[in-house]
file final-v8.csv (CSV, C-alpha atoms and all ligand atoms)
chain,number,residue,atom,x,y,z
F,16,MET,CA,-11.1,11.2,23.0
F,17,ALA,CA,-8.5,12.6,20.7
F,18,ARG,CA,-7.8,16.3,20.7
F,19,GLY,CA,-7.9,18.5,17.7
F,20,PRO,CA,-10.5,19.4,15.1
F,21,ARG,CA,-13.3,16.9,15.0
F,22,TRP,CA,-14.1,17.4,11.3
F,23,HIS,CA,-11.9,17.4,8.2
F,24,ASP,CA,-13.5,18.1,4.8
F,25,GLY,CA,-16.8,16.6,6.0
F,26,TRP,CA,-15.1,13.6,7.6
F,27,TRP,CA,-15.8,13.0,11.3
F,28,ARG,CA,-12.5,12.0,12.9
F,29,PRO,CA,-13.9,9.6,15.6
F,30,ALA,CA,-15.3,7.4,12.8
F,31,ARG,CA,-13.1,5.0,10.9
F,32,ALA,CA,-12.9,6.4,7.3
F,33,CYS,CA,-13.8,3.7,4.7
F,34,PRO,CA,-14.2,5.7,1.5
F,35,SER,CA,-16.9,4.6,-0.9
F,36,PRO,CA,-17.0,5.5,-4.6
F,37,ASN,CA,-20.8,5.7,-4.3
F,38,PHE,CA,-21.4,9.4,-3.9
F,39,GLY,CA,-21.8,12.6,-5.9
F,40,PRO,CA,-22.0,16.4,-5.4
F,41,ARG,CA,-24.8,18.0,-3.5
F,42,PRO,CA,-26.8,20.5,-5.6
F,43,PRO,CA,-25.3,23.9,-5.4
F,44,GLY,CA,-26.4,25.8,-2.3
F,45,ALA,CA,-28.1,22.7,-0.8
F,46,ALA,CA,-28.0,23.1,3.0
F,47,VAL,CA,-27.7,19.9,5.0
F,48,THR,CA,-30.8,20.1,7.3
F,49,LEU,CA,-31.9,16.5,7.6
F,50,VAL,CA,-30.6,13.2,9.1
F,51,VAL,CA,-32.1,10.0,7.8
F,52,VAL,CA,-31.7,7.0,10.2
F,53,HIS,CA,-31.6,3.5,8.6
F,54,SER,CA,-31.0,0.0,9.7
F,55,ILE,CA,-29.1,-2.7,7.8
F,56,SER,CA,-27.4,-6.0,8.4
F,57,LEU,CA,-25.9,-8.5,6.0
F,58,PRO,CA,-27.0,-11.2,5.8
F,59,PRO,CA,-30.2,-9.7,7.3
F,60,GLY,CA,-30.2,-10.3,11.0
F,61,GLU,CA,-26.6,-11.4,11.3
F,62,TYR,CA,-24.3,-9.0,13.0
F,63,GLY,CA,-20.5,-8.5,13.3
F,64,GLY,CA,-19.4,-9.3,9.7
F,65,ASP,CA,-17.8,-7.0,7.1
F,66,ASP,CA,-20.5,-7.4,4.4
F,67,VAL,CA,-22.1,-4.0,4.9
F,68,GLU,CA,-18.7,-2.4,4.5
F,69,GLN,CA,-18.2,-4.5,1.4
F,70,LEU,CA,-21.6,-3.6,0.0
F,71,PHE,CA,-21.0,0.2,0.4
F,72,THR,CA,-17.6,-0.1,-1.2
F,73,ASN,CA,-18.8,-2.3,-4.1
F,74,ARG,CA,-16.7,-5.3,-3.0
F,75,LEU,CA,-19.5,-7.6,-1.8
F,76,ASP,CA,-19.2,-11.1,-3.0
F,77,CYS,CA,-22.7,-11.6,-4.3
F,78,ALA,CA,-22.3,-15.3,-4.5
F,79,ALA,CA,-21.5,-15.6,-0.8
F,80,HIS,CA,-25.2,-15.8,0.3
F,81,PRO,CA,-28.5,-16.4,-1.5
F,82,TYR,CA,-29.8,-13.0,-0.3
F,83,TYR,CA,-27.0,-11.2,-2.0
F,84,ALA,CA,-28.1,-12.2,-5.5
F,85,GLY,CA,-30.6,-9.3,-5.3
F,86,LEU,CA,-27.8,-6.9,-4.4
F,87,ARG,CA,-25.8,-7.5,-7.5
F,88,GLY,CA,-24.9,-4.3,-9.4
F,89,LEU,CA,-26.3,-2.1,-6.6
F,90,ALA,CA,-24.4,1.1,-5.9
F,91,VAL,CA,-25.4,2.4,-2.5
F,92,SER,CA,-23.8,4.1,0.4
F,93,ALA,CA,-24.5,6.0,3.6
F,94,HIS,CA,-22.4,8.6,5.3
F,95,PHE,CA,-22.1,6.5,8.5
F,96,PHE,CA,-22.6,3.0,9.8
F,97,ILE,CA,-22.8,2.4,13.5
F,98,ARG,CA,-22.1,-1.2,14.5
F,99,ARG,CA,-23.7,-3.1,17.4
F,100,ASP,CA,-20.8,-2.2,19.7
F,101,GLY,CA,-21.0,1.5,18.7
F,102,ALA,CA,-17.9,1.4,16.5
F,103,THR,CA,-18.6,3.8,13.6
F,104,LEU,CA,-17.5,3.8,10.0
F,105,GLN,CA,-17.8,6.7,7.6
F,106,PHE,CA,-18.1,6.0,3.9
F,107,VAL,CA,-18.8,9.4,2.3
F,108,SER,CA,-17.9,13.0,3.3
F,109,CYS,CA,-20.8,14.9,4.7
F,110,GLU,CA,-20.0,17.6,2.1
F,111,GLN,CA,-21.0,15.1,-0.5
F,112,ARG,CA,-24.3,13.4,-1.4
F,113,ALA,CA,-24.4,9.7,-0.3
F,114,TRP,CA,-26.8,7.2,-1.9
F,115,HIS,CA,-29.0,6.0,1.0
F,116,ALA,CA,-32.5,7.3,0.8
F,117,GLY,CA,-33.4,6.5,-2.9
F,118,ALA,CA,-36.8,7.8,-4.1
F,119,SER,CA,-37.8,9.9,-1.1
F,120,ARG,CA,-39.7,12.9,0.1
F,121,TRP,CA,-39.9,14.9,3.3
F,122,ARG,CA,-42.2,17.9,4.0
F,123,GLY,CA,-43.0,18.0,0.3
F,124,ARG,CA,-39.4,18.1,-0.8
F,125,GLU,CA,-38.1,15.3,-3.0
F,126,ASN,CA,-34.7,13.6,-3.2
F,127,CYS,CA,-33.7,13.6,0.4
F,128,ASN,CA,-30.1,12.5,-0.5
F,129,ASP,CA,-29.5,16.0,-1.8
F,130,TRP,CA,-29.9,17.6,1.6
F,131,SER,CA,-29.4,14.9,4.2
F,132,ILE,CA,-26.9,12.8,6.1
F,133,GLY,CA,-27.6,9.1,6.1
F,134,ILE,CA,-26.8,7.1,9.2
F,135,GLU,CA,-27.1,3.3,9.1
F,136,LEU,CA,-27.4,1.3,12.3
F,137,GLU,CA,-26.4,-2.3,12.3
F,138,GLY,CA,-29.7,-4.0,12.9
F,139,LEU,CA,-32.9,-5.4,11.4
F,140,GLU,CA,-36.3,-3.8,11.0
F,141,GLY,CA,-38.6,-4.8,13.9
F,142,ARG,CA,-35.8,-5.7,16.2
F,143,GLY,CA,-34.1,-3.6,18.8
F,144,PHE,CA,-30.8,-1.8,18.9
F,145,GLU,CA,-28.0,-1.7,21.5
F,146,ALA,CA,-27.5,1.0,24.1
F,147,SER,CA,-24.0,1.6,22.7
F,148,GLN,CA,-25.6,2.4,19.3
F,149,TYR,CA,-27.9,5.0,20.8
F,150,ARG,CA,-25.0,6.5,22.7
F,151,GLN,CA,-22.9,6.7,19.6
F,152,LEU,CA,-25.8,8.0,17.5
F,153,ALA,CA,-26.5,10.8,20.0
F,154,THR,CA,-22.8,11.7,20.0
F,155,LEU,CA,-22.7,11.8,16.2
F,156,LEU,CA,-25.9,13.8,16.0
F,157,ARG,CA,-24.6,16.4,18.4
F,158,ALA,CA,-21.4,16.6,16.3
F,159,LEU,CA,-23.5,17.0,13.1
F,160,VAL,CA,-25.7,19.7,14.7
F,161,GLY,CA,-22.5,21.5,15.7
F,162,ARG,CA,-21.2,21.4,12.1
F,163,TYR,CA,-24.3,21.6,9.8
F,164,PRO,CA,-27.7,23.3,10.0
F,165,ILE,CA,-29.5,20.1,10.9
F,166,GLU,CA,-33.1,20.6,11.8
F,167,GLU,CA,-34.6,17.2,12.0
F,168,ALA,CA,-33.8,13.5,12.2
F,169,VAL,CA,-36.2,11.0,10.7
F,170,GLY,CA,-36.4,7.4,9.7
F,171,HIS,CA,-36.0,6.0,6.2
F,172,GLU,CA,-39.6,4.8,6.7
F,173,ASP,CA,-40.7,8.4,7.1
F,174,VAL,CA,-39.2,9.6,3.9
F,175,ALA,CA,-40.1,6.5,1.8
F,176,PRO,CA,-43.3,5.2,3.4
F,177,GLY,CA,-44.7,2.0,1.8
F,178,ARG,CA,-41.3,1.4,0.1
F,179,LYS,CA,-39.0,1.3,3.2
F,180,ALA,CA,-39.6,0.2,6.8
F,181,ASP,CA,-36.3,0.8,8.5
F,182,PRO,CA,-35.3,1.4,11.2
F,183,GLY,CA,-38.7,0.1,12.2
F,184,PRO,CA,-40.7,-0.1,15.4
F,185,GLY,CA,-37.7,-1.5,17.4
F,186,PHE,CA,-36.0,1.9,17.2
F,187,ASP,CA,-36.6,4.0,20.3
F,188,TRP,CA,-37.0,7.6,19.2
F,189,THR,CA,-38.0,8.7,22.6
F,190,GLY,CA,-34.8,7.1,24.1
F,191,LEU,CA,-32.8,8.9,21.5
F,192,GLN,CA,-34.4,12.2,22.4
F,193,ARG,CA,-33.5,11.6,26.0
F,194,ALA,CA,-30.0,10.8,25.1
F,195,LEU,CA,-29.6,14.0,23.1
F,196,ARG,CA,-31.0,16.2,25.8
F,197,ARG,CA,-30.2,19.8,24.7
F,198,ARG,CA,-28.9,20.9,21.3
F,199,ARG,CA,-30.9,18.4,19.4
F,200,PRO,CA,-32.5,18.2,16.0
F,201,ARG,CA,-36.3,17.8,16.0
F,202,LEU,CA,-37.4,14.2,16.2
F,203,PRO,CA,-41.0,14.2,14.9
F,204,ARG,CA,-41.6,10.6,15.7
F,205,ALA,CA,-40.5,11.1,19.3
F,206,ASP,CA,-42.7,14.2,19.5
F,207,ALA,CA,-45.6,12.2,18.2
F,208,THR,CA,-45.4,9.7,21.0
F,209,ARG,CA,-45.3,12.3,23.7
F,210,PRO,CA,-48.5,12.4,25.8
V,301,ZN,ZN,-32.8,2.5,4.8
call {"tool": "encode", "arguments": {"input": "final-v8.csv", "output": "structure tokens"}}
result
Amino acid sequence: MARGPRWHDGWWRPARACPSPNFGPRPPGAAVTLVVVHSISLPPGEYGGDDVEQLFTNRLDCAAHPYYAGLRGLAVSAHFFIRRDGATLQFVSCEQRAWHAGASRWRGRENCNDWSIGIELEGLEGRGFEASQYRQLATLLRALVGRYPIEEAVGHEDVAPGRKADPGPGFDWTGLQRALRRRRPRLPRADATRP
């Protein structure tokens, strides 16, 4: 691992910076207390290509696949994207508001984008994720907890129930909790499955 500061203006150095235009300011005084975990793959279920990166930077060729017709004109982003091999890209500074959660609510509070970090895992709802992704997610969460007042990590399905289903039942919250060990944000879904 490289030496030196791990963060620069909300950019995490171990990630490859891939700046997206799809972001805005957080509301004044908004503390970043939530992490929202997502899954995405383009085309859905196909891994290893560059199309997620293209989507988040508004460069996706929407004629390249029938599924992409529905993505035309979409301006979305996440702070981070963790590939199947654990390689991590960052699109938006954590100081800024990324556009990942959409209409959302958690613990009675609307617009989770205002006060959250969005992390996309390369994957598909209902399918599993790779050990390298859990390891990298745990590393990233520890880095975030060290830098921001993160209290909880939840799924997109938790903040937009009925509308979103990612990362889905293939995501192992209990395994993530184990990987985090100490200094971890609360993971309510893992807590819920505890006997
Ligand atoms: Zn999502």
call {"tool": "closest_residue", "arguments": {"input": "final-v8.csv", "among": "F:Gly185, F:Cys33, F:Asn126, F:Leu139", "to": "Pro59 of chain F", "atoms": "only C-alpha atoms"}}
result
F:Leu139
call {"tool": "residues_near_ligand", "arguments": {"input": "final-v8.csv", "ligand": "ligand ZN 301 (chain V)", "cutoff": "10 Å", "atoms": "all atoms listed in the file", "output": "VMD selection string"}}
result
chain F and resid 51 to 55 93 115 to 117 133 to 136 140 170 to 172 174 to 175 178 to 183
call {"tool": "atom_distance", "arguments": {"input": "final-v8.csv", "atom1": "atom CA of Gln105 of chain F", "atom2": "atom CA of Tyr163 of chain F"}}
result
16.4 Å
call {"tool": "atom_distance", "arguments": {"input": "final-v8.csv", "atom1": "atom CA of Gly101 of chain F", "atom2": "atom CA of Arg28 of chain F"}}
result
14.7 Å
call {"tool": "atom_distance", "arguments": {"input": "final-v8.csv", "atom1": "atom CA of Gly177 of chain F", "atom2": "atom CA of Asn128 of chain F"}}
result
18.1 Å
call {"tool": "closest_residue", "arguments": {"input": "final-v8.csv", "among": "F:Tyr149, F:Trp26, F:Phe186, F:Tyr83", "to": "Asp66 of chain F", "atoms": "only C-alpha atoms"}}
result
F:Tyr83
call {"tool": "closest_residue", "arguments": {"input": "final-v8.csv", "among": "F:Gln192, F:Asn37, F:Ser56, F:Thr48", "to": "Arg124 of chain F", "atoms": "all atoms listed in the file"}}
result
F:Thr48
call {"tool": "residues_near_point", "arguments": {"input": "final-v8.csv", "point": "(-28.1, 14.6, 1.7)", "cutoff": "8 Å", "atoms": "all atoms listed in the file", "output": "PyMOL selection string"}}
result
chain F and resi 41+47+49-50+109+111-113+127-133
